[in-house]
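Colleague: Next up, structure.json (JSON, C-alpha atoms).
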[["chain", "number", "residue", "atom", "x", "y", "z"],
["L", 1, "MET", "CA", 0.00, 0.00, 0.00],
["L", 2, "ASP", "CA", 1.37, 3.39, -1.01],
["L", 3, "TYR", "CA", 0.67, 5.57, 2.05],
["L", 4, "LYS", "CA", 2.28, 8.61, 0.47],
["L", 5, "LYS", "CA", 0.15, 8.42, -2.67],
["L", 6, "ILE", "CA", -3.09, 8.04, -0.73],
["L", 7, "ALA", "CA", -2.11, 10.95, 1.51],
["L", 8, "GLN", "CA", -1.23, 13.03, -1.56],
["L", 9, "ASP", "CA", -4.59, 12.23, -3.17],
["L", 10, "LEU", "CA", -6.43, 13.38, -0.03],
["L", 11, "TYR", "CA", -4.29, 16.50, 0.27],
["L", 12, "ASN", "CA", -4.85, 17.42, -3.37],
["L", 13, "ALA", "CA", -8.60, 16.90, -3.01],
["L", 14, "GLU", "CA", -8.75, 19.18, 0.02],
["L", 15, "LYS", "CA", -6.69, 21.93, -1.59],
["L", 16, "GLY", "CA", -8.51, 21.61, -4.90],
["L", 17, "THR", "CA", -11.94, 21.26, -3.21],
["L", 18, "TYR", "CA", -12.97, 18.17, -5.12],
["L", 19, "GLN", "CA", -14.11, 14.67, -4.15],
["L", 20, "ILE", "CA", -12.30, 11.38, -4.64],
["L", 21, "ASP", "CA", -13.50, 7.78, -4.56],
["L", 22, "MET", "CA", -13.53, 5.74, -1.36],
["L", 23, "ILE", "CA", -9.99, 4.85, -0.40],
["L", 24, "SER", "CA", -11.15, 1.58, 1.11],
["L", 25, "LYS", "CA", -12.71, 0.55, -2.20],
["L", 26, "SER", "CA", -9.37, 0.45, -3.97],
["L", 27, "ASN", "CA", -7.51, -0.67, -0.82],
["L", 28, "PRO", "CA", -9.80, -3.35, 0.68],
["L", 29, "ASP", "CA", -7.11, -4.65, 3.04],
["L", 30, "MET", "CA", -6.40, -1.26, 4.63],
["L", 31, "THR", "CA", -6.39, -1.42, 8.43],
["L", 32, "VAL", "CA", -7.08, 1.21, 11.07],
["L", 33, "GLU", "CA", -3.34, 1.36, 11.72],
["L", 34, "ASP", "CA", -2.74, 1.99, 8.02],
["L", 35, "SER", "CA", -5.26, 4.82, 7.98],
["L", 36, "TYR", "CA", -3.68, 6.58, 10.97],
["L", 37, "LYS", "CA", -0.32, 6.41, 9.16],
["L", 38, "ILE", "CA", -1.92, 8.13, 6.18],
["L", 39, "GLN", "CA", -3.41, 10.77, 8.48],
["L", 40, "LEU", "CA", -0.01, 11.43, 10.04],
["L", 41, "GLU", "CA", 1.57, 11.73, 6.60],
["L", 42, "ASN", "CA", -0.61, 14.74, 5.85],
["L", 43, "ILE", "CA", -0.24, 16.21, 9.33],
["L", 44, "SER", "CA", 3.53, 16.09, 8.84],
["L", 45, "ARG", "CA", 3.02, 17.83, 5.49],
["L", 46, "ARG", "CA", 0.99, 20.58, 7.16],
["L", 47, "ILE", "CA", 3.64, 21.08, 9.84],
["L", 48, "SER", "CA", 6.40, 21.29, 7.22],
["L", 49, "GLN", "CA", 4.38, 24.06, 5.55],
["L", 50, "GLY", "CA", 4.22, 26.11, 8.74],
["L", 51, "GLU", "CA", 1.01, 24.94, 10.38],
["L", 52, "LYS", "CA", 1.00, 24.27, 14.11],
["L", 53, "VAL", "CA", -0.92, 21.42, 15.75],
["L", 54, "VAL", "CA", -3.06, 22.99, 18.49],
["L", 55, "GLY", "CA", -5.11, 19.99, 19.56],
["L", 56, "MET", "CA", -7.20, 17.00, 18.57],
["L", 57, "LYS", "CA", -10.78, 16.21, 17.59],
["L", 58, "ILE", "CA", -12.66, 13.08, 18.56],
["L", 59, "GLY", "CA", -15.27, 11.56, 16.30],
["L", 60, "LEU", "CA", -17.73, 8.67, 16.35],
["L", 61, "THR", "CA", -18.52, 9.22, 20.01],
["L", 62, "SER", "CA", -22.21, 8.34, 19.73],
["L", 63, "LYS", "CA", -23.50, 4.78, 19.59],
["L", 64, "GLY", "CA", -25.57, 5.69, 16.55],
["L", 65, "MET", "CA", -22.55, 6.72, 14.51],
["L", 66, "GLN", "CA", -20.52, 3.74, 15.73],
["L", 67, "ASN", "CA", -23.30, 1.39, 14.69],
["L", 68, "LEU", "CA", -23.56, 3.12, 11.31],
["L", 69, "LEU", "CA", -19.90, 2.43, 10.55],
["L", 70, "GLY", "CA", -19.79, -0.91, 12.33],
["L", 71, "VAL", "CA", -17.22, 0.07, 14.96],
["L", 72, "ASN", "CA", -17.09, -0.05, 18.74],
["L", 73, "GLU", "CA", -14.83, 2.89, 19.55],
["L", 74, "PRO", "CA", -14.32, 6.53, 18.50],
["L", 75, "ASP", "CA", -11.65, 7.86, 16.16],
["L", 76, "TYR", "CA", -9.56, 11.03, 16.18],
["L", 77, "GLY", "CA", -7.99, 13.68, 14.00],
["L", 78, "HIS", "CA", -5.60, 16.59, 14.42],
["L", 79, "LEU", "CA", -6.43, 20.29, 14.73],
["L", 80, "THR", "CA", -4.09, 22.98, 13.43],
["L", 81, "ASP", "CA", -4.03, 26.74, 13.78],
["L", 82, "LYS", "CA", -5.07, 27.13, 10.13],
["L", 83, "MET", "CA", -8.35, 25.37, 10.89],
["L", 84, "ILE", "CA", -9.54, 27.97, 13.40],
["L", 85, "VAL", "CA", -12.40, 30.25, 12.36],
["L", 86, "MET", "CA", -12.80, 33.20, 14.71],
["L", 87, "GLU", "CA", -16.32, 33.79, 15.95],
["L", 88, "GLY", "CA", -17.88, 36.55, 13.87],
["L", 89, "GLU", "CA", -15.63, 35.73, 10.92],
["L", 90, "ILE", "CA", -17.34, 34.52, 7.75],
["L", 91, "CYS", "CA", -16.37, 30.99, 6.73],
["L", 92, "PRO", "CA", -15.92, 30.87, 2.94],
["L", 93, "ILE", "CA", -17.89, 27.89, 1.69],
["L", 94, "LYS", "CA", -15.83, 27.77, -1.50],
["L", 95, "SER", "CA", -12.91, 26.51, 0.59],
["L", 96, "LEU", "CA", -14.95, 23.43, 1.54],
["L", 97, "ILE", "CA", -16.36, 20.49, -0.39],
["L", 98, "GLN", "CA", -19.46, 19.06, 1.35],
["L", 99, "PRO", "CA", -19.41, 20.62, 4.82],
["L", 100, "LYS", "CA", -21.56, 19.87, 7.82],
["L", 101, "VAL", "CA", -21.78, 21.49, 11.26],
["L", 102, "GLU", "CA", -21.65, 19.81, 14.66],
["L", 103, "GLY", "CA", -22.02, 21.21, 18.17],
["L", 104, "GLU", "CA", -19.65, 20.02, 20.88],
["L", 105, "LEU", "CA", -17.67, 20.98, 23.94],
["L", 106, "ALA", "CA", -14.01, 21.99, 23.67],
["L", 107, "PHE", "CA", -11.64, 21.18, 26.53],
["L", 108, "PHE", "CA", -8.53, 23.29, 27.23],
["L", 109, "LEU", "CA", -5.85, 21.36, 29.06],
["L", 110, "LYS", "CA", -3.71, 22.96, 31.77],
["L", 111, "LYS", "CA", -1.81, 19.71, 32.32],
["L", 112, "SER", "CA", -0.65, 17.00, 29.96],
["L", 113, "LEU", "CA", -2.46, 13.65, 29.86],
["L", 114, "LYS", "CA", -0.46, 10.55, 29.09],
["L", 115, "GLY", "CA", -2.07, 7.10, 29.08],
["L", 116, "PRO", "CA", -2.63, 4.33, 29.61],
["L", 117, "GLY", "CA", -4.93, 4.36, 32.61],
["L", 118, "ILE", "CA", -6.29, 7.91, 32.24],
["L", 119, "THR", "CA", -9.67, 8.27, 33.99],
["L", 120, "ILE", "CA", -12.47, 10.81, 33.89],
["L", 121, "ALA", "CA", -11.16, 12.19, 37.17],
["L", 122, "ASP", "CA", -7.75, 12.70, 35.56],
["L", 123, "VAL", "CA", -9.39, 14.67, 32.75],
["L", 124, "TYR", "CA", -11.21, 16.88, 35.26],
["L", 125, "HIS", "CA", -7.94, 17.54, 37.07],
["L", 126, "ALA", "CA", -6.10, 18.37, 33.84],
["L", 127, "THR", "CA", -8.79, 20.64, 32.34],
["L", 128, "ASP", "CA", -8.44, 24.39, 32.73],
["L", 129, "TRP", "CA", -11.78, 25.29, 31.20],
["L", 130, "ILE", "CA", -14.34, 24.34, 28.56],
["L", 131, "VAL", "CA", -16.24, 26.30, 25.93],
["L", 132, "SER", "CA", -19.07, 25.81, 23.47],
["L", 133, "ALA", "CA", -17.68, 24.92, 20.06],
["L", 134, "ILE", "CA", -18.70, 24.27, 16.49],
["L", 135, "GLU", "CA", -16.82, 21.75, 14.39],
["L", 136, "ILE", "CA", -17.13, 22.11, 10.64],
["L", 137, "VAL", "CA", -16.61, 18.62, 9.28],
["L", 138, "ASP", "CA", -15.97, 17.88, 5.63],
["L", 139, "SER", "CA", -15.13, 14.82, 3.60],
["L", 140, "ARG", "CA", -12.84, 14.55, 0.65],
["L", 141, "ILE", "CA", -14.52, 11.19, -0.05],
["L", 142, "LYS", "CA", -17.33, 11.31, -2.60],
["L", 143, "ASP", "CA", -20.84, 11.84, -1.19],
["L", 144, "TRP", "CA", -19.74, 11.07, 2.38],
["L", 145, "LYS", "CA", -19.78, 7.37, 1.53],
["L", 146, "ILE", "CA", -17.13, 6.36, 4.03],
["L", 147, "LYS", "CA", -15.94, 3.49, 6.15],
["L", 148, "LEU", "CA", -13.93, 3.90, 9.34],
["L", 149, "VAL", "CA", -10.57, 3.70, 7.56],
["L", 150, "ASP", "CA", -11.66, 6.36, 5.06],
["L", 151, "THR", "CA", -12.55, 8.95, 7.67],
["L", 152, "ILE", "CA", -9.45, 8.26, 9.78],
["L", 153, "ALA", "CA", -7.15, 8.63, 6.77],
["L", 154, "ASP", "CA", -9.01, 11.86, 5.98],
["L", 155, "ASN", "CA", -8.03, 13.34, 9.38],
["L", 156, "GLY", "CA", -11.31, 12.33, 10.98],
["L", 157, "SER", "CA", -13.23, 14.22, 8.28],
["L", 158, "SER", "CA", -12.16, 17.46, 9.93],
["L", 159, "ALA", "CA", -12.05, 20.87, 8.29],
["L", 160, "LYS", "CA", -12.43, 23.86, 10.62],
["L", 161, "PHE", "CA", -13.68, 24.78, 14.08],
["L", 162, "VAL", "CA", -15.06, 27.77, 15.96],
["L", 163, "LEU", "CA", -14.71, 28.39, 19.69],
["L", 164, "GLY", "CA", -17.12, 30.35, 21.85],
["L", 165, "ASN", "CA", -15.98, 33.36, 23.86],
["L", 166, "ARG", "CA", -17.41, 32.39, 27.24],
["L", 167, "ILE", "CA", -15.12, 30.11, 29.21],
["L", 168, "THR", "CA", -16.46, 27.89, 31.99],
["L", 169, "LYS", "CA", -14.45, 26.23, 34.71],
["L", 170, "ILE", "CA", -15.12, 22.53, 34.91],
["L", 171, "ASP", "CA", -15.51, 22.61, 38.72],
["L", 172, "GLY", "CA", -19.09, 22.09, 39.80],
["L", 173, "ILE", "CA", -20.43, 21.12, 36.36],
["L", 174, "ASP", "CA", -22.19, 17.81, 35.83],
["L", 175, "MET", "CA", -20.61, 17.00, 32.49],
["L", 176, "ARG", "CA", -23.26, 14.37, 31.76],
["L", 177, "LEU", "CA", -26.27, 16.64, 31.83],
["L", 178, "ILE", "CA", -25.44, 19.78, 29.85],
["L", 179, "GLY", "CA", -28.18, 20.55, 27.35],
["L", 180, "MET", "CA", -27.30, 21.73, 23.86],
["L", 181, "ASN", "CA", -29.34, 23.46, 21.17],
["L", 182, "LEU", "CA", -28.31, 23.69, 17.51],
["L", 183, "GLU", "CA", -29.98, 26.42, 15.46],
["L", 184, "LYS", "CA", -29.82, 26.86, 11.68],
["L", 185, "ASN", "CA", -30.79, 30.25, 10.28],
["L", 186, "GLY", "CA", -32.57, 31.08, 13.54],
["L", 187, "GLU", "CA", -34.58, 27.87, 13.74],
["L", 188, "LEU", "CA", -33.97, 25.08, 16.24],
["L", 189, "VAL", "CA", -32.97, 21.96, 14.31],
["L", 190, "SER", "CA", -31.68, 19.63, 17.04],
["L", 191, "THR", "CA", -31.26, 19.29, 20.78],
["L", 192, "GLY", "CA", -29.33, 16.89, 22.97],
["L", 193, "THR", "CA", -27.35, 16.49, 26.14],
["L", 194, "SER", "CA", -23.66, 15.97, 26.71],
["L", 195, "ALA", "CA", -24.41, 12.40, 27.82],
["L", 196, "GLU", "CA", -24.62, 11.53, 24.11],
["L", 197, "VAL", "CA", -20.82, 11.78, 24.03],
["L", 198, "LEU", "CA", -19.75, 8.43, 25.56],
["L", 199, "GLY", "CA", -21.97, 9.20, 28.55],
["L", 200, "ASN", "CA", -19.68, 12.09, 29.51],
["L", 201, "PRO", "CA", -17.48, 14.24, 27.22],
["L", 202, "ALA", "CA", -14.65, 13.86, 29.73],
["L", 203, "ALA", "CA", -14.78, 10.10, 29.05],
["L", 204, "SER", "CA", -14.16, 10.93, 25.40],
["L", 205, "VAL", "CA", -11.01, 12.89, 26.29],
["L", 206, "ALA", "CA", -9.84, 10.04, 28.54],
["L", 207, "TRP", "CA", -10.37, 7.58, 25.67],
["L", 208, "LEU", "CA", -8.21, 9.75, 23.41],
["L", 209, "ALA", "CA", -5.37, 10.00, 25.94],
["L", 210, "ASN", "CA", -5.37, 6.23, 26.37],
["L", 211, "LYS", "CA", -5.62, 5.56, 22.63],
["L", 212, "LEU", "CA", -2.71, 7.87, 21.84],
["L", 213, "SER", "CA", -0.57, 6.12, 24.44],
["L", 214, "GLN", "CA", -0.49, 3.12, 22.11],
["L", 215, "PHE", "CA", 1.61, 5.28, 19.79],
["L", 216, "GLY", "CA", 3.71, 6.87, 22.54],
["L", 217, "ILE", "CA", 1.86, 10.20, 22.22],
["L", 218, "GLU", "CA", 0.47, 12.36, 25.02],
["L", 219, "LEU", "CA", -2.13, 15.12, 25.08],
["L", 220, "LYS", "CA", 0.01, 18.13, 25.82],
["L", 221, "GLU", "CA", -0.63, 21.00, 28.18],
["L", 222, "GLY", "CA", -2.35, 23.82, 26.29],
["L", 223, "SER", "CA", -4.10, 21.50, 23.84],
["L", 224, "ILE", "CA", -7.63, 22.08, 22.59],
["L", 225, "ILE", "CA", -9.71, 18.90, 22.52],
["L", 226, "LEU", "CA", -13.00, 18.78, 20.63],
["L", 227, "SER", "CA", -14.77, 16.05, 22.56],
["L", 228, "GLY", "CA", -17.36, 14.88, 20.01],
["L", 229, "ALA", "CA", -20.72, 15.80, 18.52],
["L", 230, "VAL", "CA", -23.77, 15.91, 20.76],
["L", 231, "THR", "CA", -26.27, 15.58, 17.88],
["L", 232, "ALA", "CA", -26.22, 14.64, 14.20],
["L", 233, "ALA", "CA", -24.35, 16.95, 11.84],
["L", 234, "GLU", "CA", -26.30, 19.48, 9.78],
["L", 235, "LYS", "CA", -25.57, 20.14, 6.10],
["L", 236, "VAL", "CA", -24.29, 23.57, 5.12],
["L", 237, "GLN", "CA", -25.13, 25.80, 2.16],
["L", 238, "ALA", "CA", -23.91, 29.26, 1.24],
["L", 239, "GLY", "CA", -25.71, 31.89, 3.30],
["L", 240, "ASP", "CA", -26.41, 29.59, 6.24],
["L", 241, "SER", "CA", -25.81, 30.65, 9.83],
["L", 242, "PHE", "CA", -25.49, 28.19, 12.72],
["L", 243, "THR", "CA", -25.58, 28.80, 16.47],
["L", 244, "VAL", "CA", -24.72, 26.25, 19.14],
["L", 245, "SER", "CA", -25.61, 26.96, 22.75],
["L", 246, "PHE", "CA", -24.88, 24.89, 25.82],
["L", 247, "GLN", "CA", -26.87, 25.36, 29.01],
["L", 248, "ASP", "CA", -25.29, 28.06, 31.21],
["L", 249, "MET", "CA", -22.19, 28.08, 28.98],
["L", 250, "GLY", "CA", -22.99, 30.64, 26.31],
["L", 251, "ARG", "CA", -23.24, 30.27, 22.56],
["L", 252, "VAL", "CA", -21.11, 30.24, 19.46],
["L", 253, "THR", "CA", -22.11, 31.20, 15.90],
["L", 254, "VAL", "CA", -20.65, 30.67, 12.45],
["L", 255, "LYS", "CA", -21.83, 32.08, 9.13],
["L", 256, "PHE", "CA", -21.05, 30.78, 5.65],
["L", 257, "LYS", "CA", -20.78, 32.76, 2.46]]
What does the file become when written as structure tokens?
Modeller:
Amino acid sequence: MDYKKIAQDLYNAEKGTYQIDMISKSNPDMTVEDSYKIQLENISRRISQGEKVVGMKIGLTSKGMQNLLGVNEPDYGHLTDKMIVMEGEICPIKSLIQPKVEGELAFFLKKSLKGPGITIADVYHATDWIVSAIEIVDSRIKDWKIKLVDTIADNGSSAKFVLGNRITKIDGIDMRLIGMNLEKNGELVSTGTSAEVLGNPAASVAWLANKLSQFGIELKEGSIILSGAVTAAEKVQAGDSFTVSFQDMGRVTVKFK
């Protein structure tokens, strides 16, 4: 299997904003380990071009999505500084292929987390604060017809993210019971609670720290961790505006043009 060619194909598709066929279709023996190697190939490319890794995103945290792809654990991707959209800034839809929006909580780490054996309590202790966040997911794979290895190779189908301005200390919050509303063009389109994310978004962060330990990697102090979508992703068209609000934690909005 030519990791470099697959990575190059994905990179070219993202930069050229076009879709490619399922990677797994032409590489039926590709494993999860293979797909993470492909992901890292493009992350290394981004770093060599001046981008800085600022954190990680976790995907497939709901049982519904895991069942859809036939898996029993989440996946992850990398976040870089070039993926940040400032709140109030217009996100140019022409830079994306087939984007969708998800609402989730972002964790900011004040201490590093290195597995194995990381617990929810460890995540609480290591978290400085959390904010409402929007992840803009995108797929370079045609029509979002993906298997697990396709989305992992494609950096967890990540594209951009927006962080809210109101920070909340994790002390005293029941991370399982935070309600979230997702509005599209001023209309409520979905609601959910943080329990949809592995029962507790902090459990999602703990999973990531333990998963990364298999590769000798730690979640570093100062990292931003997008913990996973609370509800199903919503499709985006030019002119759309999305607002995500978490109970007692403020809101975050992104507009597309």
Colleague: Given all atoms listed in the file as the basis, pick out the residue of L:Met175, L:Ile146, L:Ile136, L:Ile93 nearest to Leu69 of chain L.
Modeller: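 Among the listed residues, L:Ile146 lies closest to Leu69 of chain L.
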Colleague: Between L:Thr253, L:Asn12, L:Ser112, L:Ser62, which is the closest to Glu218 of chain L once you count only C-alpha atoms?
Modeller: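 Under the stated criterion, the closest residue is L:Ser112.
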Colleague: May I have the protein, DNA and RNA residues with any atom at most 8 Å from the point (-15.3, 29.7, 27.3), counting all atoms listed in the file, written as an MDAnalysis selection string?
Modeller: chainID L and resid 129:132 163:168 249:250
Colleague: For Glu104 of chain L, which residue out of L:Gly50, L:Gly222, L:Pro28, L:Gly59 is the nearest one, using only C-alpha atoms?
Modeller: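 Using only C-alpha atoms, the shortest distance to Glu104 of chain L belongs to L:Gly59.
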Colleague: Is it possible to get the residues within 12 Å of (-11.3, 35.4, 10.8) (coordinates as in the file, counting only C-alpha atoms) written as a ChimeraX atom specification?
Modeller: /L:81-92,160-163,254-256
Colleague: In Å to one decimal, how far is atom CA of Leu105 of chain L from atom CA of Ser204 of chain L?
Modeller: 10.7 Å
Colleague: If you count only C-alpha atoms, which residues fall within 12 Å of Pro74 of chain L, apart from same-chain ones fewer than 5 positions away, as a PyMOL selection string?
Modeller: chain L and resi 32+57-67+69+148-149+151-152+156+197-198+203-208+210-211+227-229
Colleague: What would the file look like if the residues just selected were written as an mmCIF file, in the coordinates of the input with C-alpha atoms?
Modeller:
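As written to disk, again20.cif reads:
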data_model
loop_
_atom_site.group_PDB
_atom_site.id
_atom_site.type_symbol
_atom_site.label_atom_id
_atom_site.label_comp_id
_atom_site.auth_asym_id
_atom_site.auth_seq_id
_atom_site.Cartn_x
_atom_site.Cartn_y
_atom_site.Cartn_z
ATOM 1 C CA VAL L 32 -7.080 1.210 11.070
ATOM 2 C CA LYS L 57 -10.780 16.210 17.590
ATOM 3 C CA ILE L 58 -12.660 13.080 18.560
ATOM 4 C CA GLY L 59 -15.270 11.560 16.300
ATOM 5 C CA LEU L 60 -17.730 8.670 16.350
ATOM 6 C CA THR L 61 -18.520 9.220 20.010
ATOM 7 C CA SER L 62 -22.210 8.340 19.730
ATOM 8 C CA LYS L 63 -23.500 4.780 19.590
ATOM 9 C CA GLY L 64 -25.570 5.690 16.550
ATOM 10 C CA MET L 65 -22.550 6.720 14.510
ATOM 11 C CA GLN L 66 -20.520 3.740 15.730
ATOM 12 C CA ASN L 67 -23.300 1.390 14.690
ATOM 13 C CA LEU L 69 -19.900 2.430 10.550
ATOM 14 C CA LEU L 148 -13.930 3.900 9.340
ATOM 15 C CA VAL L 149 -10.570 3.700 7.560
ATOM 16 C CA THR L 151 -12.550 8.950 7.670
ATOM 17 C CA ILE L 152 -9.450 8.260 9.780
ATOM 18 C CA GLY L 156 -11.310 12.330 10.980
ATOM 19 C CA VAL L 197 -20.820 11.780 24.030
ATOM 20 C CA LEU L 198 -19.750 8.430 25.560
ATOM 21 C CA ALA L 203 -14.780 10.100 29.050
ATOM 22 C CA SER L 204 -14.160 10.930 25.400
ATOM 23 C CA VAL L 205 -11.010 12.890 26.290
ATOM 24 C CA ALA L 206 -9.840 10.040 28.540
ATOM 25 C CA TRP L 207 -10.370 7.580 25.670
ATOM 26 C CA LEU L 208 -8.210 9.750 23.410
ATOM 27 C CA ASN L 210 -5.370 6.230 26.370
ATOM 28 C CA LYS L 211 -5.620 5.560 22.630
ATOM 29 C CA SER L 227 -14.770 16.050 22.560
ATOM 30 C CA GLY L 228 -17.360 14.880 20.010
ATOM 31 C CA ALA L 229 -20.720 15.800 18.520
#
Colleague: Got a sec: who's within 6 Å of segment 36-42 of chain L, counting all atoms listed in the file, leaving out chain neighbours fewer than 6 positions off, as a PyMOL selection string?
Modeller: chain L and resi 3+7+153+155
Colleague: Ranking L:Val53, L:Val101, L:Ile170, L:Ala13 by minimum distance to Val236 of chain L and counting only C-alpha atoms, which one comes first?
Modeller: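 Closest residue, counting only C-alpha atoms: L:Val101.
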Colleague: Could you please determine the separation between atom CA of Thr243 of chain L and atom CA of Ile178 of chain L in Å, to one decimal place?
Modeller: 16.1 Å
Colleague: In Å, rounded to a single decimal, give me how far atom CA of Gly55 of chain L is from atom CA of Asp9 of chain L.
Modeller: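 Computed distance, atom CA of Asp9 of chain L to atom CA of Gly55 of chain L, equals 24.0 Å.
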Colleague: Assuming 5 Å of padding per side, give the centre and edge lengths of the axis-aligned box around every listed atom of segment 210-226 of chain L, in Å to one decimal and as lines of an AutoDock Vina configuration file.
Modeller:
center_x = -4.6
center_y = 13.5
center_z = 24.0
size_x = 26.7
size_y = 30.7
size_z = 18.4
Colleague: Between L:Lys5, L:Lys169, L:His78, L:Lys15, which one has atoms that come closest to Arg140 of chain L, using all atoms listed in the file?
Modeller: L:Lys15
Colleague: Between L:Thr80, L:Ile20, L:Thr119, L:Asn72, which has the minimum distance to Lys145 of chain L (counting all atoms listed in the file)?
Modeller: L:Ile20
Colleague: Neighbouring residues of Met1 of chain L were defined as those with any atom within 10 Å, considering all atoms listed in the file; residues of the same chain fewer than 3 positions away were excluded. Please report them as a PyMOL selection string.
Modeller: chain L and resi 4-6+27+29-30+34
